[in-house]
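Colleague: I am sharing query_23.csv, which consists of CSV, C-alpha atoms:
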chain,number,residue,atom,x,y,z
A,9,MET,CA,-3.0,-6.7,30.1
A,10,SER,CA,-3.3,-4.0,27.4
A,11,ILE,CA,-0.3,-2.6,25.7
A,12,LYS,CA,-1.2,0.9,26.9
A,13,ASP,CA,-0.6,-0.3,30.5
A,14,PHE,CA,3.1,-0.9,29.6
A,15,THR,CA,5.8,1.7,30.4
A,16,PHE,CA,7.2,3.6,27.4
A,17,ASN,CA,10.4,1.5,27.4
A,18,GLU,CA,8.3,-1.7,27.6
A,19,ARG,CA,6.2,-0.7,24.7
A,20,SER,CA,9.2,0.3,22.7
A,21,LEU,CA,10.8,-3.1,23.3
A,22,LEU,CA,7.6,-5.0,22.4
A,23,PHE,CA,7.2,-3.2,19.1
A,24,ALA,CA,10.9,-3.6,18.3
A,25,LYS,CA,10.5,-7.3,18.8
A,26,LEU,CA,7.3,-7.3,16.6
A,27,ALA,CA,9.1,-5.4,13.9
A,28,GLN,CA,11.9,-8.0,14.0
A,29,ILE,CA,9.3,-10.9,13.9
A,30,ALA,CA,7.7,-9.3,10.9
A,31,TYR,CA,10.7,-10.6,8.8
A,32,LEU,CA,9.9,-14.2,9.7
A,33,LYS,CA,7.8,-16.7,7.8
A,34,PRO,CA,4.2,-17.0,9.1
A,35,GLU,CA,4.7,-20.3,11.0
A,36,ASP,CA,7.7,-18.9,12.8
A,37,ALA,CA,6.2,-15.5,13.4
A,38,THR,CA,3.1,-17.2,14.9
A,39,LYS,CA,5.3,-19.2,17.4
A,40,GLN,CA,7.2,-16.1,18.4
A,41,VAL,CA,4.2,-13.7,19.0
A,42,LYS,CA,2.3,-16.3,21.0
A,43,LYS,CA,5.2,-16.0,23.5
A,44,LEU,CA,4.4,-12.3,23.6
A,45,GLY,CA,0.7,-12.7,24.3
A,46,PHE,CA,-0.8,-12.6,20.9
A,47,THR,CA,-3.4,-15.2,19.9
A,48,THR,CA,-4.2,-14.4,16.3
A,49,VAL,CA,-1.9,-13.8,13.3
A,50,GLU,CA,-2.7,-12.7,9.8
A,51,PHE,CA,-0.1,-12.4,7.1
A,52,TYR,CA,-0.7,-9.9,4.2
A,53,ASN,CA,1.4,-10.5,1.1
A,54,ILE,CA,0.6,-9.0,-2.2
A,55,ASP,CA,3.2,-8.7,-5.0
A,56,GLY,CA,6.0,-8.5,-2.4
A,57,ALA,CA,4.4,-5.9,-0.1
A,58,GLN,CA,4.1,-7.6,3.2
A,59,ALA,CA,2.8,-7.0,6.8
A,60,TYR,CA,1.4,-8.8,9.7
A,61,ARG,CA,-1.6,-8.4,11.9
A,62,PHE,CA,-1.0,-9.5,15.5
A,63,MET,CA,-4.1,-9.6,17.7
A,64,ASN,CA,-5.2,-10.5,21.3
A,65,LYS,CA,-8.1,-9.7,23.5
A,66,HIS,CA,-7.2,-6.0,23.9
A,67,ASP,CA,-4.9,-5.0,21.0
A,68,LEU,CA,-4.5,-5.1,17.3
A,69,VAL,CA,-1.0,-4.5,15.9
A,70,ILE,CA,0.0,-4.0,12.3
A,71,ALA,CA,3.7,-4.7,11.8
A,72,CYS,CA,5.0,-3.9,8.4
A,73,ARG,CA,7.9,-5.9,7.0
A,74,GLY,CA,11.0,-4.0,5.9
A,75,THR,CA,13.4,-4.3,3.0
A,76,GLU,CA,14.6,-7.8,2.1
A,77,PRO,CA,17.7,-7.7,-0.2
A,78,THR,CA,16.5,-10.7,-2.1
A,79,GLU,CA,13.1,-9.1,-2.9
A,80,TYR,CA,13.1,-7.1,-6.1
A,81,ASN,CA,9.8,-5.4,-5.1
A,82,ASP,CA,11.4,-4.1,-1.9
A,83,ILE,CA,14.5,-2.7,-3.7
A,84,LYS,CA,12.3,-1.1,-6.3
A,85,ALA,CA,10.1,0.5,-3.7
A,86,ASP,CA,13.1,2.0,-1.8
A,87,ALA,CA,14.7,3.3,-5.0
A,88,ASN,CA,11.5,4.8,-6.4
A,89,ALA,CA,11.9,8.1,-4.5
A,90,LEU,CA,9.9,10.3,-6.8
A,91,PRO,CA,7.5,12.4,-4.7
A,92,VAL,CA,3.9,12.0,-5.7
A,93,ILE,CA,0.7,13.6,-4.6
A,94,ALA,CA,-0.6,12.1,-1.3
A,95,GLU,CA,-4.2,11.3,-0.4
A,96,THR,CA,-4.3,14.3,1.9
A,97,VAL,CA,-1.9,17.1,1.2
A,98,SER,CA,1.5,17.7,-0.4
A,99,ARG,CA,3.7,14.8,-1.6
A,100,VAL,CA,4.9,11.4,-0.4
A,101,HIS,CA,7.5,8.9,-1.5
A,102,ARG,CA,6.1,7.1,-4.5
A,103,GLY,CA,7.7,3.7,-3.7
A,104,PHE,CA,6.5,3.6,-0.1
A,105,LYS,CA,3.0,4.7,-1.1
A,106,GLN,CA,2.7,2.0,-3.7
A,107,GLU,CA,3.7,-0.7,-1.2
A,108,VAL,CA,0.9,0.6,1.1
A,109,ASP,CA,-1.6,0.8,-1.7
A,110,GLU,CA,-1.1,-2.9,-2.4
A,111,LEU,CA,-2.0,-3.9,1.1
A,112,TRP,CA,-4.4,-1.2,2.3
A,113,PRO,CA,-7.7,-2.7,1.2
A,114,LEU,CA,-7.0,-5.9,3.2
A,115,VAL,CA,-5.6,-4.0,6.2
A,116,LEU,CA,-8.5,-1.5,6.3
A,117,GLU,CA,-11.1,-4.3,6.4
A,118,ASP,CA,-9.4,-5.7,9.5
A,119,LEU,CA,-9.2,-2.3,11.2
A,120,LYS,CA,-12.8,-1.5,11.0
A,121,ARG,CA,-14.8,-1.6,14.2
A,122,LYS,CA,-17.1,-4.4,13.0
A,123,ALA,CA,-14.0,-6.6,12.3
A,124,ASN,CA,-11.8,-5.9,15.2
A,125,ASP,CA,-14.4,-5.5,18.0
A,126,LYS,CA,-13.0,-2.1,18.9
A,127,LYS,CA,-9.5,-3.2,19.9
A,128,GLU,CA,-6.8,-0.7,20.4
A,129,ILE,CA,-4.8,-0.2,17.3
A,130,TRP,CA,-1.0,0.1,17.1
A,131,PHE,CA,1.5,0.2,14.2
A,132,CYS,CA,5.2,-0.6,14.0
A,133,GLY,CA,7.9,-1.4,11.4
A,134,HIS,CA,11.6,-1.3,10.5
A,135,SER,CA,13.2,0.3,7.5
A,136,LEU,CA,10.8,0.1,4.5
A,137,GLY,CA,8.3,-1.3,7.0
A,138,ALA,CA,8.7,1.8,9.1
A,139,ALA,CA,7.7,4.0,6.2
A,140,MET,CA,4.8,1.8,5.3
A,141,ALA,CA,3.6,1.8,8.9
A,142,THR,CA,3.8,5.6,9.0
A,143,ILE,CA,1.6,6.0,5.9
A,144,MET,CA,-0.9,3.4,7.1
A,145,ALA,CA,-1.2,4.8,10.6
A,146,SER,CA,-1.8,8.3,9.1
A,147,ARG,CA,-4.6,7.1,6.9
A,148,CYS,CA,-6.7,5.7,9.7
A,149,HIS,CA,-8.2,9.0,10.8
A,150,LEU,CA,-9.8,9.3,7.3
A,151,TYR,CA,-12.2,6.5,8.1
A,152,PRO,CA,-14.9,7.1,10.8
A,153,ASP,CA,-15.4,3.4,11.3
A,154,VAL,CA,-11.8,2.8,12.3
A,155,GLU,CA,-10.7,3.3,15.9
A,156,PRO,CA,-8.1,6.1,16.6
A,157,VAL,CA,-4.5,4.8,16.4
A,158,GLN,CA,-3.0,4.6,19.8
A,159,GLU,CA,0.7,5.0,18.7
A,160,LEU,CA,3.1,4.3,16.0
A,161,TYR,CA,6.7,2.9,16.7
A,162,THR,CA,9.3,2.9,14.0
A,163,PHE,CA,12.9,1.8,13.9
A,164,GLY,CA,15.5,2.9,11.3
A,165,SER,CA,12.8,4.8,9.3
A,166,PRO,CA,13.6,6.7,6.2
A,167,ARG,CA,12.0,10.1,5.5
A,168,VAL,CA,8.5,9.6,4.1
A,169,GLY,CA,7.2,12.9,2.7
A,170,TRP,CA,7.4,16.6,2.2
A,171,PRO,CA,6.9,19.0,5.1
A,172,GLU,CA,3.2,19.7,4.7
A,173,TYR,CA,2.5,16.0,4.3
A,174,VAL,CA,4.4,15.2,7.5
A,175,LYS,CA,2.6,17.9,9.4
A,176,SER,CA,-0.8,16.5,8.4
A,177,LEU,CA,-0.2,12.9,9.6
A,178,GLY,CA,-2.0,13.3,13.0
A,179,VAL,CA,-0.6,10.2,14.7
A,180,THR,CA,1.6,9.9,17.8
A,181,HIS,CA,4.8,8.6,16.4
A,182,HIS,CA,7.9,7.4,18.3
A,183,ARG,CA,10.8,7.1,15.9
A,184,TRP,CA,13.9,5.3,17.0
A,185,VAL,CA,17.3,6.1,15.5
A,186,ASN,CA,20.4,4.0,16.2
A,187,ASN,CA,23.6,6.2,15.9
A,188,ASN,CA,24.8,6.0,12.3
A,189,ASP,CA,21.9,4.2,10.8
A,190,ILE,CA,22.2,5.3,7.1
A,191,VAL,CA,18.6,4.6,6.2
A,192,THR,CA,17.4,7.4,8.6
A,193,ARG,CA,19.2,9.9,6.3
A,194,VAL,CA,17.3,9.1,3.1
A,195,PRO,CA,15.7,10.2,0.9
A,196,LEU,CA,17.8,13.3,1.0
A,197,TRP,CA,16.7,16.5,2.8
A,198,LEU,CA,17.6,18.4,-0.3
A,199,MET,CA,14.8,16.5,-2.2
A,200,GLY,CA,12.2,18.0,0.2
A,201,TYR,CA,11.8,15.0,2.4
A,202,ARG,CA,11.3,15.3,6.2
A,203,HIS,CA,11.0,13.0,9.2
A,204,HIS,CA,7.9,12.7,11.2
A,205,GLY,CA,7.4,12.0,14.9
A,206,THR,CA,9.4,12.3,18.1
A,207,GLU,CA,13.0,11.0,17.7
A,208,HIS,CA,14.5,8.7,20.3
A,209,TYR,CA,18.3,8.6,19.6
A,210,LEU,CA,20.5,5.7,20.6
A,211,ASN,CA,24.2,6.8,20.8
A,212,ALA,CA,27.3,4.8,19.9
A,213,TYR,CA,27.1,3.0,23.3
A,214,GLY,CA,23.4,2.1,22.8
A,215,LEU,CA,22.2,4.6,25.4
A,216,LYS,CA,19.2,6.8,24.8
A,217,ARG,CA,20.3,10.4,24.6
A,218,ASN,CA,19.1,13.8,23.2
A,219,PRO,CA,22.3,15.2,21.8
A,220,THR,CA,22.8,18.7,20.3
A,221,GLY,CA,24.0,19.0,16.7
A,222,TRP,CA,27.7,19.0,17.6
A,223,GLN,CA,27.3,16.3,20.1
A,224,ARG,CA,25.6,14.1,17.5
A,225,VAL,CA,28.4,14.7,15.0
A,226,LYS,CA,31.0,13.6,17.6
A,227,ASP,CA,28.9,10.6,18.5
A,228,ARG,CA,28.6,9.5,14.9
A,229,PHE,CA,32.4,9.7,14.5
A,230,ARG,CA,32.8,7.7,17.7
A,231,GLY,CA,30.4,5.1,16.3
A,232,MET,CA,32.2,4.9,13.0
A,233,TRP,CA,35.6,4.4,14.8
A,234,MET,CA,34.1,1.7,17.1
A,235,GLY,CA,32.7,0.0,14.0
A,236,ILE,CA,36.1,0.1,12.2
A,237,LYS,CA,37.8,-1.5,15.2
A,238,LYS,CA,35.2,-4.3,15.0
A,239,GLY,CA,35.7,-4.7,11.2
A,240,THR,CA,32.2,-3.4,10.4
A,241,ILE,CA,30.7,-0.4,8.5
A,242,ASP,CA,28.7,1.4,11.2
A,243,ASN,CA,26.3,3.0,8.8
A,244,PHE,CA,25.0,-0.4,7.8
A,245,SER,CA,25.4,-2.4,10.9
A,246,ASP,CA,23.5,0.2,12.9
A,247,HIS,CA,20.5,-0.4,10.7
A,248,SER,CA,20.1,-4.0,11.8
A,249,MET,CA,16.9,-4.7,13.7
A,250,VAL,CA,18.9,-7.0,15.9
A,251,GLU,CA,20.9,-3.9,17.1
A,252,TYR,CA,17.7,-2.0,17.9
A,253,VAL,CA,16.3,-4.8,20.0
A,254,LYS,CA,19.6,-5.3,21.8
A,255,HIS,CA,19.9,-1.6,22.8
A,256,ILE,CA,16.3,-1.0,23.7
A,257,SER,CA,16.2,-4.2,25.8
A,258,LYS,CA,18.9,-2.6,28.0
A,259,LEU,CA,16.9,0.6,28.8
Write out the structure in this file as structure tokens.

Modeller:
Amino acid sequence: MSIKDFTFNERSLLFAKLAQIAYLKPEDATKQVKKLGFTTVEFYNIDGAQAYRFMNKHDLVIACRGTEPTEYNDIKADANALPVIAETVSRVHRGFKQEVDELWPLVLEDLKRKANDKKEIWFCGHSLGAAMATIMASRCHLYPDVEPVQELYTFGSPRVGWPEYVKSLGVTHHRWVNNNDIVTRVPLWLMGYRHHGTEHYLNAYGLKRNPTGWQRVKDRFRGMWMGIKKGTIDNFSDHSMVEYVKHISKL
């Protein structure tokens, strides 16, 4: 059964799980994705930039690994928010682009038709991995020997580039945001950065909603208060991939 035969919620949950699995060591990731129907696993790791290729008879998924607090390379990439000229138009986050540039030659070789036997291509990621997946997915249409990307799913994604860059990406992007997730608010709007894709917002109760501006403000305060009562800081706990999987699994 191909991923495109899943419902939207089923696909969202699958990619949330894959984005979470991307944080595991290769041997553990392999065990987990086999339970989800994937038969082949490839781990890309160059100078701390990391991603997985999960593949089966029908599909090829690139799942980019997000920020790991113990990895200096990840912290440096997140902090390096200087906008630089993109391959296409306008400007993109320098640190995110550099992470992608490290892995792109390896990933590109695996995406080409001759290598992947014309499988359907998907991308996903969480946090830094979400930004990397967005940039990678957007590059695919530049190569005539790469199959069109089916969809991109991100969780807790930061803003990736300036308005003209974001408009040029040309990929169907489902961007999940969990209530007060602080990473979804950086880099700052005032620096010129914008989000890409269709937002899917999870409110303070973990329900998918489409709130107005004022409704969102109230919901964020509600989430902060609920976090205080639990002894947590909602802005950070809402960024956890565990929380995304938990909420999406209930939809």

Colleague: At what distance in Å, to one decimal, does atom CA of Arg230 of chain A lie from atom CA of Arg183 of chain A?

Modeller: 22.1 Å

Colleague: To one decimal place in Å, what is the distance between atom CA of Glu159 of chain A and atom CA of His255 of chain A?

Modeller: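 Spanning atom CA of Glu159 of chain A to atom CA of His255 of chain A is a straight-line distance of 20.7 Å.
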
Colleague: My list of candidates is A:Cys132, A:Ser98, A:Glu155, A:Ser146. Which is closest to Gly200 of chain A when distances are computed with only C-alpha atoms?

Modeller: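 Residue with the minimum atom-to-atom distance to Gly200 of chain A: A:Ser98.
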
Colleague: Could you check the closest approach to Ile256 of chain A for each of A:Tyr213, A:Tyr31, A:Trp233, A:Trp197 and tell me which residue wins, using all atoms listed in the file?

Modeller: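 Nearest candidate to Ile256 of chain A out of A:Tyr213, A:Tyr31, A:Trp233, A:Trp197: A:Tyr213.
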
Colleague: With segment 219-227 of chain A as the partner and 12 Å as the cut-off, tabulate the residues of segment 134-203 of chain A that qualify, each row holding the nearest pair of atoms and their distance in Å to one decimal, using all atoms listed in the file, sorted by chain and rising number, as a Markdown table.

Modeller:
| residue | atom | partner | partner_atom | distance |
| --- | --- | --- | --- | --- |
| A:Val185 | CA | A:Arg224 | CA | 11.7 |
| A:Asn186 | CA | A:Asp227 | CA | 11.0 |
| A:Asn187 | CA | A:Asp227 | CA | 7.4 |
| A:Asn188 | CA | A:Asp227 | CA | 8.7 |

Colleague: Find the spatial neighbours of Met232 of chain A, counting all atoms listed in the file, within a cut-off of 10 Å - ignore same-chain residues fewer than 4 positions away - and output them as a PyMOL selection string.

Modeller: chain A and resi 187-188+212+226-228+236-238+240-243+246

Colleague: Find the residue from A:Val92, A:Ala139, A:Leu111, A:Ala145 that sits nearest to Phe51 of chain A; use only C-alpha atoms when measuring.

Modeller: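 When distances to Phe51 of chain A are compared using only C-alpha atoms, the smallest one comes from A:Leu111.
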
Colleague: Separation of atom CA of Asn88 of chain A and atom CA of Arg102 of chain A, in Å?

Modeller: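 Going from atom CA of Asn88 of chain A over to atom CA of Arg102 of chain A, I get 6.2 Å.
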
Colleague: Nearest to Thr142 of chain A: which of A:Glu107, A:Glu50, A:Asp67, A:Asp36 is it, counting all atoms listed in the file?

Modeller: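 Among the listed residues, the smallest separation from Thr142 of chain A belongs to A:Glu107.
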
Colleague: With only C-alpha atoms as the counted atoms, please give the residues lying no more than 10 Å from Ser248 of chain A, apart from itself and same-chain residues fewer than 2 positions off, as a ChimeraX atom specification.

Modeller: /A:28,134-135,163-164,186,189,243-246,250-253

Colleague: Quick one: residues within 8 Å of Gly205 of chain A, all atoms listed in the file, excluding same-chain residues fewer than 5 positions away - as a PDB file with C-alpha atoms, in the frame of the given file?

Modeller:
ATOM      1  CA  THR A 180       1.600   9.900  17.800  1.00  0.00           C
ATOM      2  CA  HIS A 181       4.800   8.600  16.400  1.00  0.00           C
ATOM      3  CA  HIS A 182       7.900   7.400  18.300  1.00  0.00           C
ATOM      4  CA  ARG A 183      10.800   7.100  15.900  1.00  0.00           C
TER       5      ARG A 183
END

Colleague: Could you tell me which of A:Leu119, A:His66, A:Ser165, A:Gly231 comes closest to Asp13 of chain A if we count only C-alpha atoms?

Modeller: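 Result for the nearest residue to Asp13 of chain A: A:His66.
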